[in-house]
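*Asks:* So I've got this file, run_24.tsv, and it contains TSV, C-alpha atoms:
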```
chain	number	residue	atom	x	y	z
S	1	MET	CA	-10.45	-15.96	-15.53
S	2	ALA	CA	-6.92	-15.41	-16.70
S	3	GLN	CA	-7.10	-11.98	-15.03
S	4	GLY	CA	-8.44	-13.29	-11.72
S	5	ALA	CA	-12.09	-13.33	-10.66
S	6	ALA	CA	-14.05	-10.13	-11.39
S	7	PRO	CA	-14.73	-8.98	-7.78
S	8	LEU	CA	-11.03	-9.45	-7.00
S	9	ARG	CA	-10.06	-7.38	-10.03
S	10	LYS	CA	-12.53	-4.67	-9.05
S	11	LEU	CA	-11.10	-4.52	-5.54
S	12	ALA	CA	-7.52	-4.37	-6.84
S	13	GLU	CA	-8.50	-1.52	-9.19
S	14	LYS	CA	-9.82	0.48	-6.25
S	15	PHE	CA	-6.57	0.03	-4.35
S	16	ALA	CA	-4.53	0.91	-7.45
S	17	ARG	CA	-6.14	4.37	-7.44
S	18	MET	CA	-4.78	5.12	-3.95
S	19	PRO	CA	-1.67	7.30	-3.55
S	20	GLY	CA	1.60	5.36	-3.63
S	21	VAL	CA	-0.08	2.05	-4.45
S	22	GLY	CA	1.06	0.46	-7.72
S	23	ARG	CA	-0.65	-2.30	-9.72
S	24	LYS	CA	1.29	-5.11	-8.00
S	25	THR	CA	0.71	-3.80	-4.48
S	26	ALA	CA	-3.00	-3.32	-5.25
S	27	GLN	CA	-3.21	-6.94	-6.41
S	28	ARG	CA	-1.38	-8.16	-3.31
S	29	LEU	CA	-3.73	-6.21	-1.02
S	30	ALA	CA	-6.82	-7.57	-2.80
S	31	TYR	CA	-5.56	-11.16	-2.50
S	32	TYR	CA	-4.68	-10.56	1.15
S	33	ILE	CA	-8.19	-9.32	1.92
S	34	ILE	CA	-9.75	-12.33	0.16
S	35	SER	CA	-7.61	-14.66	2.25
S	36	LEU	CA	-8.77	-13.09	5.56
S	37	PRO	CA	-11.29	-14.87	7.80
S	38	ALA	CA	-14.83	-13.57	7.15
S	39	GLU	CA	-15.02	-11.58	10.41
S	40	GLU	CA	-11.77	-9.74	9.69
S	41	SER	CA	-12.73	-8.71	6.17
S	42	LYS	CA	-16.10	-7.54	7.51
S	43	ALA	CA	-14.29	-5.54	10.23
S	44	LEU	CA	-12.21	-3.83	7.54
S	45	ALA	CA	-15.26	-2.86	5.46
S	46	ASP	CA	-16.98	-1.64	8.65
S	47	ALA	CA	-13.92	0.41	9.69
S	48	ILE	CA	-14.04	2.21	6.31
S	49	THR	CA	-17.77	2.88	6.59
S	50	GLU	CA	-17.49	4.02	10.21
S	51	ALA	CA	-14.51	6.29	9.64
S	52	CYS	CA	-16.15	7.98	6.66
S	53	ALA	CA	-19.46	8.41	8.47
S	54	SER	CA	-18.13	9.75	11.77
S	55	ILE	CA	-15.26	11.97	10.65
S	56	HIS	CA	-15.61	15.53	9.34
S	57	ARG	CA	-13.48	18.68	9.24
S	58	CYS	CA	-13.14	20.79	12.39
S	59	PRO	CA	-14.96	24.09	11.65
S	60	VAL	CA	-12.00	26.04	13.11
S	61	CYS	CA	-8.75	24.41	11.96
S	62	CYS	CA	-10.12	22.06	9.25
S	63	ASP	CA	-8.33	18.99	10.70
S	64	TYR	CA	-10.34	15.76	10.73
S	65	THR	CA	-12.30	15.13	13.90
S	66	GLU	CA	-15.10	13.04	15.35
S	67	GLY	CA	-16.38	15.67	17.79
S	68	GLU	CA	-17.89	19.00	16.82
S	69	LYS	CA	-14.54	20.79	17.13
S	70	CYS	CA	-11.21	18.92	17.20
S	71	ALA	CA	-9.49	18.20	20.52
S	72	ILE	CA	-6.71	20.73	19.91
S	73	CYS	CA	-9.11	23.60	19.16
S	74	GLU	CA	-11.21	22.57	22.21
S	75	ASP	CA	-8.13	22.49	24.49
S	76	GLU	CA	-7.94	25.76	26.45
S	77	ARG	CA	-4.30	25.17	27.41
S	78	ARG	CA	-3.28	25.58	23.75
S	79	ASP	CA	-2.17	29.07	22.67
S	80	ALA	CA	-4.88	30.23	20.24
S	81	GLY	CA	-2.77	33.27	19.29
S	82	LEU	CA	-0.22	31.05	17.50
S	83	ILE	CA	-1.35	29.20	14.37
S	84	CYS	CA	0.80	26.63	12.58
S	85	VAL	CA	-0.31	26.22	8.95
S	86	VAL	CA	0.26	22.74	7.47
S	87	GLU	CA	-0.64	21.15	4.16
S	88	GLN	CA	-1.99	17.80	5.39
S	89	PRO	CA	-3.45	16.36	8.62
S	90	GLN	CA	-0.45	13.99	8.70
S	91	ASP	CA	1.87	17.03	8.95
S	92	LEU	CA	-0.05	18.11	12.04
S	93	LEU	CA	0.51	14.66	13.60
S	94	ALA	CA	4.25	14.89	12.86
S	95	ILE	CA	4.48	18.25	14.68
S	96	GLU	CA	2.39	16.97	17.59
S	97	HIS	CA	4.81	14.05	17.95
S	98	THR	CA	7.60	16.51	18.80
S	99	ARG	CA	5.59	17.47	21.95
S	100	GLU	CA	7.17	20.93	21.66
S	101	TYR	CA	4.45	22.95	19.99
S	102	LYS	CA	1.77	24.50	22.20
S	103	GLY	CA	-0.13	26.60	19.67
S	104	VAL	CA	-3.02	25.59	17.39
S	105	TYR	CA	-3.10	24.53	13.72
S	106	HIS	CA	-4.68	25.25	10.39
S	107	VAL	CA	-4.86	22.41	7.84
S	108	LEU	CA	-4.90	23.58	4.21
S	109	HIS	CA	-5.66	20.12	2.73
S	110	GLY	CA	-3.13	20.62	-0.04
S	111	ALA	CA	-0.82	23.24	-1.51
S	112	ILE	CA	-1.16	25.69	-4.39
S	113	SER	CA	-0.16	23.85	-7.56
S	114	PRO	CA	-1.22	25.41	-10.88
S	115	MET	CA	0.14	22.29	-12.68
S	116	ASP	CA	-2.47	20.17	-10.89
S	117	GLY	CA	-5.16	22.86	-11.15
S	118	ILE	CA	-5.10	23.50	-7.39
S	119	GLY	CA	-5.56	27.17	-6.49
S	120	PRO	CA	-6.35	28.90	-3.16
S	121	ASP	CA	-10.08	28.18	-3.62
S	122	GLN	CA	-9.51	24.41	-3.36
S	123	LEU	CA	-7.68	24.93	-0.04
S	124	THR	CA	-8.98	26.22	3.31
S	125	VAL	CA	-7.49	29.69	2.75
S	126	LYS	CA	-10.78	31.53	3.41
S	127	GLN	CA	-11.15	29.87	6.82
S	128	LEU	CA	-7.53	30.80	7.69
S	129	LEU	CA	-8.06	34.47	6.76
S	130	ALA	CA	-11.26	34.56	8.83
S	131	ARG	CA	-9.26	33.36	11.86
S	132	VAL	CA	-6.43	35.84	11.25
S	133	SER	CA	-8.85	38.77	10.80
S	134	SER	CA	-10.49	38.08	14.18
S	135	GLY	CA	-7.64	40.00	15.85
S	136	GLU	CA	-6.79	37.22	18.29
S	137	VAL	CA	-3.88	35.86	16.31
S	138	ARG	CA	-0.33	37.00	17.13
S	139	GLU	CA	1.79	34.78	14.87
S	140	VAL	CA	1.30	32.39	11.96
S	141	ILE	CA	4.00	29.76	11.35
S	142	MET	CA	4.16	28.52	7.77
S	143	ALA	CA	4.90	24.80	8.05
S	144	THR	CA	4.11	23.87	4.47
S	145	ASP	CA	6.50	21.45	2.69
S	146	SER	CA	9.87	22.75	1.54
S	147	ASP	CA	9.13	21.89	-2.11
S	148	THR	CA	8.04	24.34	-4.83
S	149	GLU	CA	4.31	24.02	-4.07
S	150	GLY	CA	4.89	24.43	-0.33
S	151	GLU	CA	7.09	27.48	-0.86
S	152	THR	CA	4.61	29.06	-3.26
S	153	THR	CA	1.76	28.49	-0.82
S	154	ALA	CA	3.76	29.95	2.09
S	155	MET	CA	4.66	33.07	0.04
S	156	TYR	CA	1.07	33.52	-1.14
S	157	LEU	CA	-0.43	33.23	2.35
S	158	SER	CA	2.26	35.43	3.87
S	159	LYS	CA	1.28	38.28	1.52
S	160	LEU	CA	-2.38	37.91	2.48
S	161	ILE	CA	-1.76	37.70	6.24
S	162	LYS	CA	0.86	40.44	6.82
S	163	PRO	CA	-1.60	43.33	6.18
S	164	PHE	CA	-3.51	42.20	9.31
S	165	GLY	CA	-0.43	43.13	11.38
S	166	VAL	CA	0.27	39.50	12.23
S	167	LEU	CA	3.83	38.09	12.42
S	168	VAL	CA	4.40	35.45	9.74
S	169	THR	CA	7.28	32.98	10.22
S	170	ARG	CA	8.62	29.99	8.29
S	171	LEU	CA	10.16	26.76	9.64
S	172	ALA	CA	13.98	26.86	9.67
S	173	TYR	CA	15.96	25.30	6.83
S	174	GLY	CA	19.19	23.50	7.60
S	175	LEU	CA	20.87	20.14	8.11
S	176	PRO	CA	18.64	17.34	9.35
S	177	VAL	CA	19.72	16.37	12.89
S	178	GLY	CA	22.04	13.34	12.90
S	179	SER	CA	22.88	13.68	9.22
S	180	ASP	CA	26.25	13.48	7.53
S	181	LEU	CA	27.36	16.91	6.27
S	182	GLN	CA	29.13	15.51	3.19
S	183	TYR	CA	25.87	14.06	1.89
S	184	ALA	CA	23.79	17.22	2.30
S	185	ASP	CA	22.64	18.75	-1.01
S	186	GLU	CA	24.05	22.17	-1.97
S	187	VAL	CA	20.80	24.09	-1.47
S	188	THR	CA	20.26	22.70	2.04
S	189	LEU	CA	23.88	23.37	2.96
S	190	SER	CA	23.84	26.98	1.73
S	191	ARG	CA	20.57	27.55	3.63
S	192	ALA	CA	22.22	26.09	6.75
S	193	ILE	CA	25.13	28.54	6.37
S	194	ASP	CA	22.76	31.49	5.82
S	195	GLY	CA	20.77	30.52	8.91
S	196	ARG	CA	23.79	29.90	11.20
S	197	ARG	CA	23.29	30.84	14.85
S	198	GLU	CA	25.69	31.90	17.62
S	199	MET	CA	26.62	29.04	19.93
A	1	MET	CA	-6.57	14.05	19.20
A	2	ALA	CA	-2.82	14.35	18.77
A	3	GLN	CA	-2.88	10.84	17.25
A	4	GLY	CA	-5.72	11.60	14.84
A	5	ALA	CA	-9.38	10.76	15.39
A	6	ALA	CA	-10.06	7.23	16.71
A	7	PRO	CA	-11.87	5.77	13.66
A	8	LEU	CA	-9.04	7.02	11.46
A	9	ARG	CA	-6.47	5.40	13.72
A	10	LYS	CA	-8.43	2.15	13.70
A	11	LEU	CA	-8.57	2.14	9.91
A	12	ALA	CA	-4.84	2.89	9.64
A	13	GLU	CA	-4.08	0.01	12.03
A	14	LYS	CA	-5.99	-2.39	9.80
A	15	PHE	CA	-4.00	-1.30	6.76
A	16	ALA	CA	-0.73	-1.53	8.71
A	17	ARG	CA	-1.37	-5.27	9.18
A	18	MET	CA	-1.42	-5.86	5.41
A	19	PRO	CA	1.66	-7.29	3.69
A	20	GLY	CA	4.15	-4.66	2.52
A	21	VAL	CA	2.24	-1.78	4.12
A	22	GLY	CA	4.22	0.19	6.70
A	23	ARG	CA	2.90	2.59	9.35
A	24	LYS	CA	3.26	5.67	7.14
A	25	THR	CA	1.61	4.09	4.11
A	26	ALA	CA	-1.24	2.82	6.29
A	27	GLN	CA	-1.79	6.35	7.60
A	28	ARG	CA	-1.71	7.77	4.08
A	29	LEU	CA	-4.27	5.23	2.88
A	30	ALA	CA	-6.59	5.94	5.82
A	31	TYR	CA	-6.44	9.70	5.21
A	32	TYR	CA	-6.99	9.14	1.49
A	33	ILE	CA	-10.13	7.09	2.16
A	34	ILE	CA	-11.48	9.73	4.53
A	35	SER	CA	-10.98	12.38	1.87
A	36	LEU	CA	-12.98	10.43	-0.75
A	37	PRO	CA	-16.53	11.47	-1.68
A	38	ALA	CA	-19.09	9.43	0.31
A	39	GLU	CA	-20.15	7.30	-2.67
A	40	GLU	CA	-16.56	6.28	-3.45
A	41	SER	CA	-15.74	5.23	0.10
A	42	LYS	CA	-19.00	3.26	0.18
A	43	ALA	CA	-18.05	1.60	-3.12
A	44	LEU	CA	-14.72	0.56	-1.59
A	45	ALA	CA	-16.35	-0.98	1.49
A	46	ASP	CA	-18.88	-2.71	-0.77
A	47	ALA	CA	-16.13	-4.06	-3.06
A	48	ILE	CA	-14.46	-5.67	-0.04
A	49	THR	CA	-17.71	-7.19	1.20
A	50	GLU	CA	-18.67	-8.40	-2.28
A	51	ALA	CA	-15.28	-9.91	-3.08
A	52	CYS	CA	-15.13	-11.80	0.21
A	53	ALA	CA	-18.71	-13.06	-0.12
A	54	SER	CA	-18.57	-14.20	-3.74
A	55	ILE	CA	-15.08	-15.66	-4.02
A	56	HIS	CA	-14.03	-19.13	-2.88
A	57	ARG	CA	-11.41	-21.69	-3.84
A	58	CYS	CA	-11.93	-23.82	-6.97
A	59	PRO	CA	-12.47	-27.42	-5.72
A	60	VAL	CA	-10.02	-28.70	-8.36
A	61	CYS	CA	-7.05	-26.32	-8.57
A	62	CYS	CA	-7.67	-24.23	-5.41
A	63	ASP	CA	-7.38	-20.90	-7.27
A	64	TYR	CA	-9.89	-18.22	-6.29
A	65	THR	CA	-13.07	-18.20	-8.35
A	66	GLU	CA	-16.61	-16.88	-8.43
A	67	GLY	CA	-18.14	-19.83	-10.29
A	68	GLU	CA	-18.33	-23.37	-8.97
A	69	LYS	CA	-15.08	-24.36	-10.72
A	70	CYS	CA	-12.59	-21.78	-12.02
A	71	ALA	CA	-12.61	-20.81	-15.70
A	72	ILE	CA	-9.33	-22.62	-16.43
A	73	CYS	CA	-10.49	-25.93	-14.93
A	74	GLU	CA	-13.82	-25.55	-16.80
A	75	ASP	CA	-12.06	-24.86	-20.12
A	76	GLU	CA	-11.96	-28.08	-22.17
A	77	ARG	CA	-9.28	-26.69	-24.50
A	78	ARG	CA	-6.77	-26.72	-21.60
A	79	ASP	CA	-4.57	-29.81	-21.27
A	80	ALA	CA	-5.72	-31.45	-18.00
A	81	GLY	CA	-2.77	-33.88	-18.18
A	82	LEU	CA	-0.29	-31.07	-17.48
A	83	ILE	CA	-0.42	-29.39	-14.05
A	84	CYS	CA	1.63	-26.33	-13.16
A	85	VAL	CA	2.06	-26.02	-9.38
A	86	VAL	CA	2.36	-22.43	-8.06
A	87	GLU	CA	2.56	-20.95	-4.57
A	88	GLN	CA	0.11	-18.06	-4.96
A	89	PRO	CA	-2.82	-17.11	-7.22
A	90	GLN	CA	-0.73	-14.13	-8.39
A	91	ASP	CA	1.91	-16.57	-9.74
A	92	LEU	CA	-0.82	-18.19	-11.84
A	93	LEU	CA	-1.74	-14.78	-13.28
A	94	ALA	CA	1.92	-14.13	-14.16
A	95	ILE	CA	2.14	-17.40	-16.10
A	96	GLU	CA	-1.21	-16.77	-17.81
A	97	HIS	CA	0.11	-13.40	-18.97
A	98	THR	CA	2.81	-15.19	-21.00
A	99	ARG	CA	-0.06	-16.72	-23.12
A	100	GLU	CA	2.25	-19.71	-23.69
A	101	TYR	CA	0.97	-22.23	-21.18
A	102	LYS	CA	-1.94	-24.45	-22.19
A	103	GLY	CA	-2.11	-26.82	-19.22
A	104	VAL	CA	-3.95	-26.42	-15.92
A	105	TYR	CA	-2.76	-25.22	-12.49
A	106	HIS	CA	-2.62	-26.13	-8.84
A	107	VAL	CA	-2.38	-23.30	-6.28
A	108	LEU	CA	-0.66	-24.29	-3.01
A	109	HIS	CA	-1.51	-21.02	-1.17
A	110	GLY	CA	1.98	-20.81	0.28
A	111	ALA	CA	5.22	-22.77	0.53
A	112	ILE	CA	6.65	-25.10	3.15
A	113	SER	CA	8.41	-22.95	5.75
A	114	PRO	CA	9.19	-24.57	9.11
A	115	MET	CA	10.41	-21.15	10.37
A	116	ASP	CA	6.88	-19.76	9.93
A	117	GLY	CA	5.22	-22.97	11.10
A	118	ILE	CA	3.89	-23.77	7.61
A	119	GLY	CA	3.95	-27.47	6.78
A	120	PRO	CA	2.28	-29.49	3.98
A	121	ASP	CA	-0.99	-29.62	5.96
A	122	GLN	CA	-1.44	-25.84	5.68
A	123	LEU	CA	-1.08	-26.06	1.90
A	124	THR	CA	-3.29	-27.76	-0.70
A	125	VAL	CA	-0.96	-30.76	-0.99
A	126	LYS	CA	-3.72	-33.33	-0.37
A	127	GLN	CA	-5.83	-31.96	-3.23
A	128	LEU	CA	-2.77	-32.07	-5.53
A	129	LEU	CA	-2.02	-35.71	-4.68
A	130	ALA	CA	-5.69	-36.61	-5.27
A	131	ARG	CA	-5.42	-35.13	-8.77
A	132	VAL	CA	-2.11	-36.85	-9.51
A	133	SER	CA	-3.39	-40.24	-8.28
A	134	SER	CA	-6.38	-40.09	-10.65
A	135	GLY	CA	-4.11	-41.39	-13.44
A	136	GLU	CA	-5.03	-38.58	-15.86
A	137	VAL	CA	-1.94	-36.50	-15.16
A	138	ARG	CA	1.11	-36.86	-17.42
A	139	GLU	CA	3.41	-34.12	-16.11
A	140	VAL	CA	3.62	-31.78	-13.11
A	141	ILE	CA	5.66	-28.57	-13.52
A	142	MET	CA	7.00	-27.17	-10.24
A	143	ALA	CA	6.69	-23.39	-10.60
A	144	THR	CA	7.27	-22.51	-6.96
A	145	ASP	CA	9.55	-19.54	-6.18
A	146	SER	CA	13.29	-19.98	-6.57
A	147	ASP	CA	13.95	-19.16	-2.90
A	148	THR	CA	14.65	-21.67	-0.11
A	149	GLU	CA	10.97	-22.24	0.73
A	150	GLY	CA	10.03	-22.68	-2.93
A	151	GLU	CA	12.90	-25.12	-3.51
A	152	THR	CA	12.04	-27.13	-0.40
A	153	THR	CA	8.40	-27.33	-1.45
A	154	ALA	CA	9.30	-28.42	-4.98
A	155	MET	CA	11.64	-31.15	-3.66
A	156	TYR	CA	9.07	-32.37	-1.15
A	157	LEU	CA	6.24	-32.56	-3.70
A	158	SER	CA	8.49	-34.15	-6.30
A	159	LYS	CA	9.24	-37.05	-3.94
A	160	LEU	CA	5.52	-37.58	-3.30
A	161	ILE	CA	4.48	-37.37	-6.96
A	162	LYS	CA	7.18	-39.45	-8.71
A	163	PRO	CA	5.92	-42.81	-7.28
A	164	PHE	CA	2.71	-42.31	-9.29
A	165	GLY	CA	4.80	-42.58	-12.49
A	166	VAL	CA	4.23	-38.93	-13.34
A	167	LEU	CA	6.97	-36.76	-14.90
A	168	VAL	CA	7.96	-33.95	-12.52
A	169	THR	CA	9.75	-30.92	-14.02
A	170	ARG	CA	11.07	-27.61	-12.62
A	171	LEU	CA	11.13	-24.18	-14.30
A	172	ALA	CA	14.52	-23.40	-15.89
A	173	TYR	CA	17.09	-21.30	-14.03
A	174	GLY	CA	19.22	-18.85	-15.93
A	175	LEU	CA	19.74	-15.23	-16.90
A	176	PRO	CA	16.63	-13.06	-16.97
A	177	VAL	CA	15.92	-12.01	-20.57
A	178	GLY	CA	17.27	-8.53	-21.37
A	179	SER	CA	19.62	-8.52	-18.38
A	180	ASP	CA	23.25	-7.48	-18.24
A	181	LEU	CA	25.52	-10.51	-17.73
A	182	GLN	CA	28.03	-8.62	-15.57
A	183	TYR	CA	25.35	-7.90	-12.97
A	184	ALA	CA	24.06	-11.48	-12.67
A	185	ASP	CA	24.76	-13.07	-9.27
A	186	GLU	CA	27.17	-16.04	-9.17
A	187	VAL	CA	24.53	-18.66	-8.39
A	188	THR	CA	22.29	-17.60	-11.28
A	189	LEU	CA	25.26	-17.44	-13.64
A	190	SER	CA	26.54	-20.91	-12.72
A	191	ARG	CA	22.99	-22.29	-13.13
A	192	ALA	CA	22.82	-20.60	-16.54
A	193	ILE	CA	26.10	-22.32	-17.56
A	194	ASP	CA	24.90	-25.70	-16.25
A	195	GLY	CA	21.65	-25.33	-18.17
A	196	ARG	CA	23.20	-24.15	-21.46
A	197	ARG	CA	21.48	-25.33	-24.65
A	198	GLU	CA	22.69	-25.92	-28.20
A	199	MET	CA	21.92	-23.03	-30.54
```
Mind converting the file's structure to structure tokens?

*Replies:*
Amino acid sequence: MAQGAAPLRKLAEKFARMPGVGRKTAQRLAYYIISLPAEESKALADAITEACASIHRCPVCCDYTEGEKCAICEDERRDAGLICVVEQPQDLLAIEHTREYKGVYHVLHGAISPMDGIGPDQLTVKQLLARVSSGEVREVIMATDSDTEGETTAMYLSKLIKPFGVLVTRLAYGLPVGSDLQYADEVTLSRAIDGRREM
Amino acid sequence: MAQGAAPLRKLAEKFARMPGVGRKTAQRLAYYIISLPAEESKALADAITEACASIHRCPVCCDYTEGEKCAICEDERRDAGLICVVEQPQDLLAIEHTREYKGVYHVLHGAISPMDGIGPDQLTVKQLLARVSSGEVREVIMATDSDTEGETTAMYLSKLIKPFGVLVTRLAYGLPVGSDLQYADEVTLSRAIDGRREM
């Protein structure tokens, strides 16, 4: 048992497959779970089972939800003519935390990445186009990541959406608020100069 | 549902309580689990249940095991007169990976830390003393961490064990192998000088 007991190893291997979890962290998590009182480890297993059983994608925006539609799509105070397109459900949460945005969302569940074999068919692009073609949408904000995959995805979707006569916008690039100008990278800084606004 | 669906939030909260897992990582893990195919998420929940049901502490060395005693304590080729005392089961694995050590172990499941309210009674000190008092033990190697808690624990145990006429040793301090001398901290370097050996 120089490698630890088999069920422990099996559990650690499952954690090691998760994003951002290395071999050491996976081992630490497995040992932590073993050390929990029986009712707490059972509660964890139950939470996994329950979450996976009760949660599915909203048929409109593709975010995860328990109800038939998600709360944002159900909410009549939200502006259904304004769609913010994000890569991941976590991105949606980040925008909601600003408490500024009053439109609705569309979750792609990824970004186009030929290197990883992810094309538009693996994303929720069809559902987005169906929404845009309904004629009720005024503007689509591309809030994909500002990396290569996010940019590619935003460009690709923009070309598909514009023919419907819908305004397509992109989040502003510039200096992060509260940051030190001297440490900004050149690309960010030149984008901030390009996007300067009158005070 | 601006905070994400409730079962997702509940799952993320459970992960956030684990050691070394922050709020963002916990959220990422919860979303990852939700995105798994049903059979994989079930396998994860089952792995947790199985590990917690089948694993207990070895009655001799207190390491985790599936069998009655752990494989190392069962192994007659191991030198039962030499006990290596470690804080955590993971420390035992690290020493086993060296393939150098042929003795047995004792897992304390922590270190003495008055700040965290952990005294000798929360550790497996009693079981260690029972083994030492049996008269079969020749040497005890203190392989606790080289931080304050580990040092305190090693000192405390050493004082308890020596009266039994057993040799108590401590792992060597010095430069990590393959390291750059100029980057060694002063304490490590002065310990390395103190502990110098003839070539």

*Asks:* Show me, as JSON lines, the residues of chain A having an atom within 8 Å of chain S, each with the closest atom pair and its distance in Å, using only C-alpha atoms.

*Replies:*
```
{"residue": "A:Met1", "atom": "CA", "partner": "S:Ala71", "partner_atom": "CA", "distance": 5.2}
{"residue": "A:Ala2", "atom": "CA", "partner": "S:Glu96", "partner_atom": "CA", "distance": 5.9}
{"residue": "A:Gln3", "atom": "CA", "partner": "S:Leu93", "partner_atom": "CA", "distance": 6.3}
{"residue": "A:Gly4", "atom": "CA", "partner": "S:Leu93", "partner_atom": "CA", "distance": 7.1}
{"residue": "A:Ala5", "atom": "CA", "partner": "S:Thr65", "partner_atom": "CA", "distance": 5.5}
{"residue": "A:Ala6", "atom": "CA", "partner": "S:Glu66", "partner_atom": "CA", "distance": 7.8}
{"residue": "A:Pro7", "atom": "CA", "partner": "S:Ala51", "partner_atom": "CA", "distance": 4.8}
{"residue": "A:Leu8", "atom": "CA", "partner": "S:Ala51", "partner_atom": "CA", "distance": 5.8}
{"residue": "A:Lys10", "atom": "CA", "partner": "S:Ala47", "partner_atom": "CA", "distance": 7.0}
{"residue": "A:Leu11", "atom": "CA", "partner": "S:Ala47", "partner_atom": "CA", "distance": 5.6}
{"residue": "A:Lys14", "atom": "CA", "partner": "S:Leu44", "partner_atom": "CA", "distance": 6.8}
{"residue": "A:Met18", "atom": "CA", "partner": "S:Leu29", "partner_atom": "CA", "distance": 6.8}
{"residue": "A:Pro19", "atom": "CA", "partner": "S:Leu29", "partner_atom": "CA", "distance": 7.2}
{"residue": "A:Gly20", "atom": "CA", "partner": "S:Thr25", "partner_atom": "CA", "distance": 7.8}
{"residue": "A:Thr25", "atom": "CA", "partner": "S:Gly20", "partner_atom": "CA", "distance": 7.8}
{"residue": "A:Gln27", "atom": "CA", "partner": "S:Gln90", "partner_atom": "CA", "distance": 7.8}
{"residue": "A:Arg28", "atom": "CA", "partner": "S:Pro19", "partner_atom": "CA", "distance": 7.6}
{"residue": "A:Leu29", "atom": "CA", "partner": "S:Met18", "partner_atom": "CA", "distance": 6.8}
{"residue": "A:Tyr32", "atom": "CA", "partner": "S:Met18", "partner_atom": "CA", "distance": 7.1}
{"residue": "A:Ile33", "atom": "CA", "partner": "S:Ile48", "partner_atom": "CA", "distance": 7.5}
{"residue": "A:Ile34", "atom": "CA", "partner": "S:Cys52", "partner_atom": "CA", "distance": 5.4}
{"residue": "A:Ala38", "atom": "CA", "partner": "S:Cys52", "partner_atom": "CA", "distance": 7.1}
{"residue": "A:Ser41", "atom": "CA", "partner": "S:Ile48", "partner_atom": "CA", "distance": 7.1}
{"residue": "A:Lys42", "atom": "CA", "partner": "S:Thr49", "partner_atom": "CA", "distance": 6.5}
{"residue": "A:Leu44", "atom": "CA", "partner": "S:Lys14", "partner_atom": "CA", "distance": 6.8}
{"residue": "A:Ala45", "atom": "CA", "partner": "S:Ala45", "partner_atom": "CA", "distance": 4.5}
{"residue": "A:Asp46", "atom": "CA", "partner": "S:Ala45", "partner_atom": "CA", "distance": 7.2}
{"residue": "A:Ala47", "atom": "CA", "partner": "S:Leu11", "partner_atom": "CA", "distance": 5.6}
{"residue": "A:Ile48", "atom": "CA", "partner": "S:Ala45", "partner_atom": "CA", "distance": 6.2}
{"residue": "A:Thr49", "atom": "CA", "partner": "S:Lys42", "partner_atom": "CA", "distance": 6.5}
{"residue": "A:Glu50", "atom": "CA", "partner": "S:Pro7", "partner_atom": "CA", "distance": 6.8}
{"residue": "A:Ala51", "atom": "CA", "partner": "S:Pro7", "partner_atom": "CA", "distance": 4.8}
{"residue": "A:Cys52", "atom": "CA", "partner": "S:Ile34", "partner_atom": "CA", "distance": 5.4}
{"residue": "A:Ser54", "atom": "CA", "partner": "S:Pro7", "partner_atom": "CA", "distance": 7.6}
{"residue": "A:Ile55", "atom": "CA", "partner": "S:Ile34", "partner_atom": "CA", "distance": 7.5}
{"residue": "A:Tyr64", "atom": "CA", "partner": "S:Ala5", "partner_atom": "CA", "distance": 6.9}
{"residue": "A:Thr65", "atom": "CA", "partner": "S:Ala5", "partner_atom": "CA", "distance": 5.5}
{"residue": "A:Glu66", "atom": "CA", "partner": "S:Ala5", "partner_atom": "CA", "distance": 6.2}
{"residue": "A:Cys70", "atom": "CA", "partner": "S:Met1", "partner_atom": "CA", "distance": 7.1}
{"residue": "A:Ala71", "atom": "CA", "partner": "S:Met1", "partner_atom": "CA", "distance": 5.3}
{"residue": "A:Ile72", "atom": "CA", "partner": "S:Met1", "partner_atom": "CA", "distance": 6.8}
{"residue": "A:Gln90", "atom": "CA", "partner": "S:Gln27", "partner_atom": "CA", "distance": 7.9}
{"residue": "A:Leu93", "atom": "CA", "partner": "S:Ala2", "partner_atom": "CA", "distance": 6.2}
{"residue": "A:Glu96", "atom": "CA", "partner": "S:Ala2", "partner_atom": "CA", "distance": 6.0}
{"residue": "A:His97", "atom": "CA", "partner": "S:Ala2", "partner_atom": "CA", "distance": 7.7}
```

*Asks:* Write out as a PyMOL selection string each polymer residue whose atoms come within 12 Å of Gly165 of chain S, counting only C-alpha atoms; drop sequence neighbours fewer than 4 positions from it.

*Replies:* chain S and resi 132-140+158-161

*Asks:* Can you tell me how far atom CA of Leu189 of chain A sits from atom CA of Pro176 of chain A, in Å to one decimal?

*Replies:*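 Between atom CA of Leu189 of chain A and atom CA of Pro176 of chain A the gap works out to 10.2 Å.
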
*Asks:* Could you check how far atom CA of Pro163 of chain S sits from atom CA of Arg131 of chain S, in Å to one decimal?

*Replies:*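 Result for atom CA of Pro163 of chain S versus atom CA of Arg131 of chain S: 13.8 Å, one decimal.
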
*Asks:* Please, what distance in Å, to one decimal, runs between atom CA of Leu171 of chain S and atom CA of Ile141 of chain S?

*Replies:* 7.1 Å

*Asks:* Tell me which protein, DNA and RNA residues are within 12 Å of Glu74 of chain S, counting all atoms listed in the file, leaving out same-chain ones fewer than 3 positions away, and put them as a list in words.

*Replies:*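 Everything that qualifies: Cys58, Pro59, Val60, Cys61, Thr65, Gly67, Glu68, Lys69, Cys70, Ala71, Arg77, Arg78, Asp79, Ala80, Val104 and Tyr105 of chain S; Met1 of chain A.
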
*Asks:* Pro120 of chain S: which residues within 12 Å, counting only C-alpha atoms, same-chain residues fewer than 4 positions away excluded, as a list in words?

*Replies:*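 Contacts, with the query itself left out: Leu108, His109, Gly110, Ala111, Ile112, Ser113, Pro114, Thr124, Val125, Lys126, Gln127, Leu128, Leu129, Glu149, Thr152, Thr153, Ala154, Tyr156, Leu157 and Leu160 of chain S.
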